[in-house]
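One file, model-v8.txt, is given below (compact mmCIF, C-alpha atoms).
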# COMPACT_ATOMS: atom_id res chain seq x y z
CA MET Q 112 11.44 21.70 -5.82
CA GLU Q 113 15.16 21.94 -6.22
CA GLU Q 114 16.04 18.51 -4.91
CA GLU Q 115 14.00 15.70 -6.37
CA ALA Q 116 13.90 12.18 -5.02
CA SER Q 117 16.14 9.76 -6.85
CA GLY Q 118 13.72 7.68 -8.84
CA PHE Q 119 10.72 7.12 -6.64
CA ASP Q 120 12.32 4.66 -4.27
CA ASP Q 121 10.55 4.82 -0.92
CA HIS Q 122 13.30 2.82 0.83
CA ALA Q 123 15.32 5.99 1.52
CA LEU Q 124 12.32 7.46 3.34
CA ALA Q 125 10.84 6.69 6.75
CA PRO Q 126 7.24 5.43 6.46
CA MET Q 127 4.84 7.45 8.60
CA VAL Q 128 1.35 6.13 7.87
CA SER Q 129 -0.53 4.12 5.30
CA LEU Q 130 -4.29 4.11 4.88
CA GLU Q 131 -6.10 1.72 2.54
CA LEU Q 132 -9.79 1.87 1.67
CA ASN Q 133 -12.21 0.11 -0.58
CA VAL Q 134 -12.78 2.39 -3.60
CA ALA Q 135 -16.57 2.09 -3.31
CA THR Q 136 -16.39 3.24 0.31
CA PHE Q 137 -14.02 6.08 -0.57
CA LYS Q 138 -16.26 7.25 -3.41
CA SER Q 139 -19.47 6.94 -1.39
CA GLN Q 140 -18.99 10.38 0.19
CA TRP Q 141 -17.10 13.42 -1.11
CA GLN Q 142 -16.38 14.42 2.52
CA PHE Q 143 -13.94 11.50 2.80
CA CYS Q 144 -11.51 13.62 0.78
CA ASP Q 145 -11.44 16.25 3.53
CA ARG Q 146 -11.26 13.70 6.33
CA ILE Q 147 -8.39 11.76 4.75
CA THR Q 148 -6.51 14.98 4.01
CA GLU Q 149 -6.96 16.24 7.57
CA TYR Q 150 -5.72 12.93 8.99
CA LEU Q 151 -2.64 12.84 6.75
CA SER Q 152 -1.86 16.53 7.32
CA ASP Q 153 -2.03 16.24 11.10
CA ILE Q 154 0.38 13.31 11.06
CA LEU Q 155 2.83 14.99 8.69
CA GLY Q 156 2.81 18.19 10.75
CA GLN Q 157 4.22 16.32 13.73
CA GLY Q 158 7.88 17.05 14.31
CA HIS Q 159 7.88 20.50 12.70
CA SER Q 160 8.64 23.64 14.67
CA ASP Q 161 5.18 24.98 13.73
CA PRO Q 162 3.02 21.85 13.24
CA ALA Q 163 -0.20 23.76 12.52
CA ARG Q 164 1.45 25.85 9.81
CA TYR Q 165 3.03 22.87 8.06
CA SER Q 166 -0.17 20.82 8.39
CA ASN Q 167 -2.12 23.66 6.82
CA PHE Q 168 0.38 24.02 3.97
CA PHE Q 169 0.34 20.31 3.25
CA SER Q 170 -3.45 20.09 3.62
CA VAL Q 171 -4.12 22.47 0.73
CA ALA Q 172 -2.00 20.53 -1.75
CA ALA Q 173 -2.88 17.07 -0.46
CA ASN Q 174 -6.59 17.83 -0.64
CA GLU Q 175 -6.29 18.63 -4.34
CA LEU Q 176 -4.46 15.34 -4.94
CA VAL Q 177 -6.96 13.30 -2.92
CA GLU Q 178 -9.84 14.94 -4.82
CA LEU Q 179 -8.09 14.22 -8.11
CA ALA Q 180 -7.88 10.55 -7.10
CA PHE Q 181 -11.56 10.65 -6.11
CA ARG Q 182 -12.50 11.89 -9.59
CA SER Q 183 -10.06 9.60 -11.41
CA THR Q 184 -10.96 6.20 -10.03
CA GLY Q 185 -14.10 4.22 -10.56
CA GLU Q 186 -12.76 0.73 -10.80
CA PRO Q 187 -13.50 -1.72 -8.01
CA GLY Q 188 -10.59 -2.43 -5.72
CA ARG Q 189 -8.52 -0.59 -3.16
CA ILE Q 190 -7.10 2.90 -2.92
CA SER Q 191 -4.15 3.59 -0.66
CA PHE Q 192 -2.69 6.77 0.80
CA SER Q 193 0.86 6.62 2.18
CA LEU Q 194 3.09 9.23 3.80
CA TYR Q 195 6.88 9.08 4.02
CA ARG Q 196 9.34 11.44 5.67
CA GLY Q 197 12.81 12.19 4.35
CA ALA Q 198 15.57 14.61 5.34
CA THR Q 199 14.68 17.19 2.68
CA PHE Q 200 11.23 16.18 1.45
CA ASN Q 201 8.04 14.42 2.47
CA ARG Q 202 6.22 12.10 0.09
CA LEU Q 203 2.53 11.47 -0.43
CA ARG Q 204 1.71 8.40 -2.53
CA ILE Q 205 -1.85 7.66 -3.68
CA ALA Q 206 -2.34 4.37 -5.55
CA PHE Q 207 -5.54 3.09 -7.16
CA ALA Q 208 -6.91 1.08 -10.07
CA ARG Q 209 -7.25 3.15 -13.19
CA GLU Q 210 -10.33 3.39 -15.35
CA ASP Q 211 -10.11 2.79 -19.09
CA ARG Q 212 -11.65 5.93 -20.51
CA GLU Q 213 -10.24 6.74 -23.91
CA SER Q 214 -12.44 9.82 -24.17
CA THR Q 215 -10.48 11.48 -21.34
CA SER Q 216 -7.00 10.75 -22.63
CA MET Q 217 -4.42 13.50 -22.33
CA LYS Q 218 -2.66 14.96 -25.31
CA SER Q 219 0.91 13.73 -25.71
CA SER Q 220 2.26 17.24 -25.01
CA GLU Q 221 0.53 17.24 -21.62
CA ARG Q 222 1.82 13.76 -20.87
CA GLN Q 223 5.40 14.89 -21.47
CA SER Q 224 5.15 17.58 -18.81
CA LEU Q 225 4.43 14.92 -16.18
CA PRO Q 226 6.53 11.82 -16.88
CA GLY Q 227 4.59 8.60 -16.49
CA ALA Q 228 1.20 10.33 -16.55
CA GLY Q 229 -1.74 7.96 -16.79
CA SER Q 230 -4.07 8.25 -19.73
CA ASP Q 231 -7.21 8.48 -17.62
CA LEU Q 232 -6.53 11.83 -15.96
CA LYS Q 233 -8.17 14.71 -17.75
CA SER Q 234 -6.10 17.60 -19.05
CA GLY Q 235 -7.49 19.72 -16.21
CA GLY Q 236 -5.80 17.31 -13.82
CA THR Q 237 -2.52 17.83 -15.61
CA ILE Q 238 -2.83 21.60 -15.30
CA LEU Q 239 -3.74 21.23 -11.63
CA LEU Q 240 -0.67 19.07 -10.99
CA ARG Q 241 1.58 21.50 -12.80
CA ASP Q 242 0.20 24.43 -10.78
CA LEU Q 243 0.53 22.54 -7.48
CA ALA Q 244 4.11 21.62 -8.32
CA THR Q 245 4.94 25.28 -8.97
CA ILE Q 246 3.09 26.78 -6.01
CA PHE Q 247 4.30 24.25 -3.45
CA ARG Q 248 7.77 23.67 -4.92
CA ALA Q 249 6.89 19.99 -5.19
CA ALA Q 250 7.84 17.19 -7.55
CA ILE Q 251 4.60 15.54 -8.64
CA ARG Q 252 4.42 12.51 -10.91
CA ILE Q 253 1.82 10.08 -12.09
CA GLU Q 254 3.09 6.59 -12.74
CA GLN Q 255 1.53 3.41 -13.95
CA ASP Q 256 2.02 0.58 -11.50
CA GLY Q 257 1.34 -2.50 -13.59
CA ALA Q 258 -1.29 -2.60 -16.27
CA ARG Q 259 -4.26 -1.45 -14.21
CA ARG Q 260 -2.96 0.78 -11.38
CA LEU Q 261 -1.92 4.41 -11.16
CA GLN Q 262 0.09 6.21 -8.53
CA ILE Q 263 0.13 9.91 -7.79
CA ILE Q 264 3.47 10.62 -6.13
CA ALA Q 265 4.13 14.05 -4.65
CA ASP Q 266 7.36 15.11 -2.93
CA PHE Q 267 6.94 18.25 -0.83
CA PRO Q 268 9.83 20.19 0.72
CA SER Q 269 10.18 19.51 4.43
CA VAL Q 270 11.33 23.05 5.18
CA GLU Q 271 8.74 25.37 6.66
CA ASP Q 272 9.58 28.50 4.68
CA PHE Q 273 6.78 28.55 2.11
CA ARG Q 274 6.69 31.80 0.17

As a first step, turn the structure in this file into structure tokens.
Amino acid sequence: MEEEASGFDDHALAPMVSLELNVATFKSQWQFCDRITEYLSDILGQGHSDPARYSNFFSVAANELVELAFRSTGEPGRISFSLYRGATFNRLRIAFAREDRESTSMKSSERQSLPGAGSDLKSGGTILLRDLATIFRAAIRIEQDGARRLQIIADFPSVEDFR
């Protein structure tokens, strides 16, 4: 993505929807990943000249991120999914408690490719994020939010010309 959000300040963006679930409920059924993605994609597609096309585009990438969150959290607590709309990009933010799993730590070289990456995402997750960022021209980051929470933040272009 050519234009990246300044910092990750959501105040410059218009909030669209926020969904918060208990992690145990979210993890109780894999199908929740598809349902959450479909819900978010339908909302984000609103206001585009071809809503179905943009929803479909966003759905593919968002589903991978929601599934990554599904695999990456196991701690009790809440998981939240938030959508924001900006003039040039749309943001998906997924926040959840991180698990302490030293055996799945990323190598420092992988962590450098995604600033702020959390230590509990496997290297496969890092590769997935890098590929999604390239394919969808998105800026994707993983940030620690306090000592025990992670956020996956993805900024997707709001233009509908995806090639």

Task: Computed interatomic separation between CA of Ala208 (chain Q) and CA of Gly156 (chain Q) (Å) - done: 28.6 Å

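Here the question is which of Q:Gln157, Q:Ala265, Q:Phe168, Q:Glu178 gets nearest to Phe143 (chain Q) using all atoms listed in the file, and that residue is Q:Glu178.
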
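The point (-4.0, 7.7, 5.3) has these residues within 8 Å of it when all atoms listed in the file are used: Q:Val128, Q:Ser129, Q:Leu130, Q:Glu131, Q:Ile147, Q:Thr148, Q:Tyr150, Q:Leu151, Q:Ser191, Q:Phe192, Q:Ser193, Q:Leu194.
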
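Nearest residue to Cys144 (chain Q), choosing from Q:Leu124, Q:Ser160, Q:Asn174, Q:Phe169 and counting only C-alpha atoms: Q:Asn174.
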
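For the pair CA of Gly185 (chain Q) and CA of Trp141 (chain Q), the interatomic distance is 13.5 Å.
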
Task: Separation of CA of Leu261 (chain Q) from CA of Glu186 (chain Q) in Å - done: 11.5 Å

- [ ] Pick out the closest residue to Met127 (chain Q) from this set: Q:Arg164, Q:Arg209, Q:Arg182, Q:Arg202. Count only C-alpha atoms.
- [x] Q:Arg202

- [ ] Can you work out which one of Q:Ala125, Q:Ala173, Q:Ala163, Q:Val134 has the shortest atom-to-atom distance to Arg146 (chain Q), counting only C-alpha atoms?
- [x] Q:Ala173

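In terms of minimum interatomic distance to Ile154 (chain Q), Q:Asn201 ranks closest within Q:Ser139, Q:Asn201, Q:Asn133, Q:Gln262, counting all atoms listed in the file.
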
Open item on the list: Nearest residue to Arg260 (chain Q) out of Q:Phe137, Q:Ser183, Q:Ser152, Q:Leu132, using all atoms listed in the file?
Closed with: Q:Ser183

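Close contacts of Ile263 (chain Q), defined as residues with an atom at most 10 Å away when counting all atoms listed in the file, with chain neighbours fewer than 4 positions off set aside, comprise Q:Leu176, Q:Val177, Q:Leu179, Q:Ala180, Q:Phe192, Q:Leu203, Q:Arg204, Q:Ile205, Q:Ala206, Q:Phe207, Q:Gly227, Q:Ala228, Q:Gly229, Q:Leu240, Q:Ile251, Q:Arg252, Q:Ile253, Q:Glu254, Q:Gln255.
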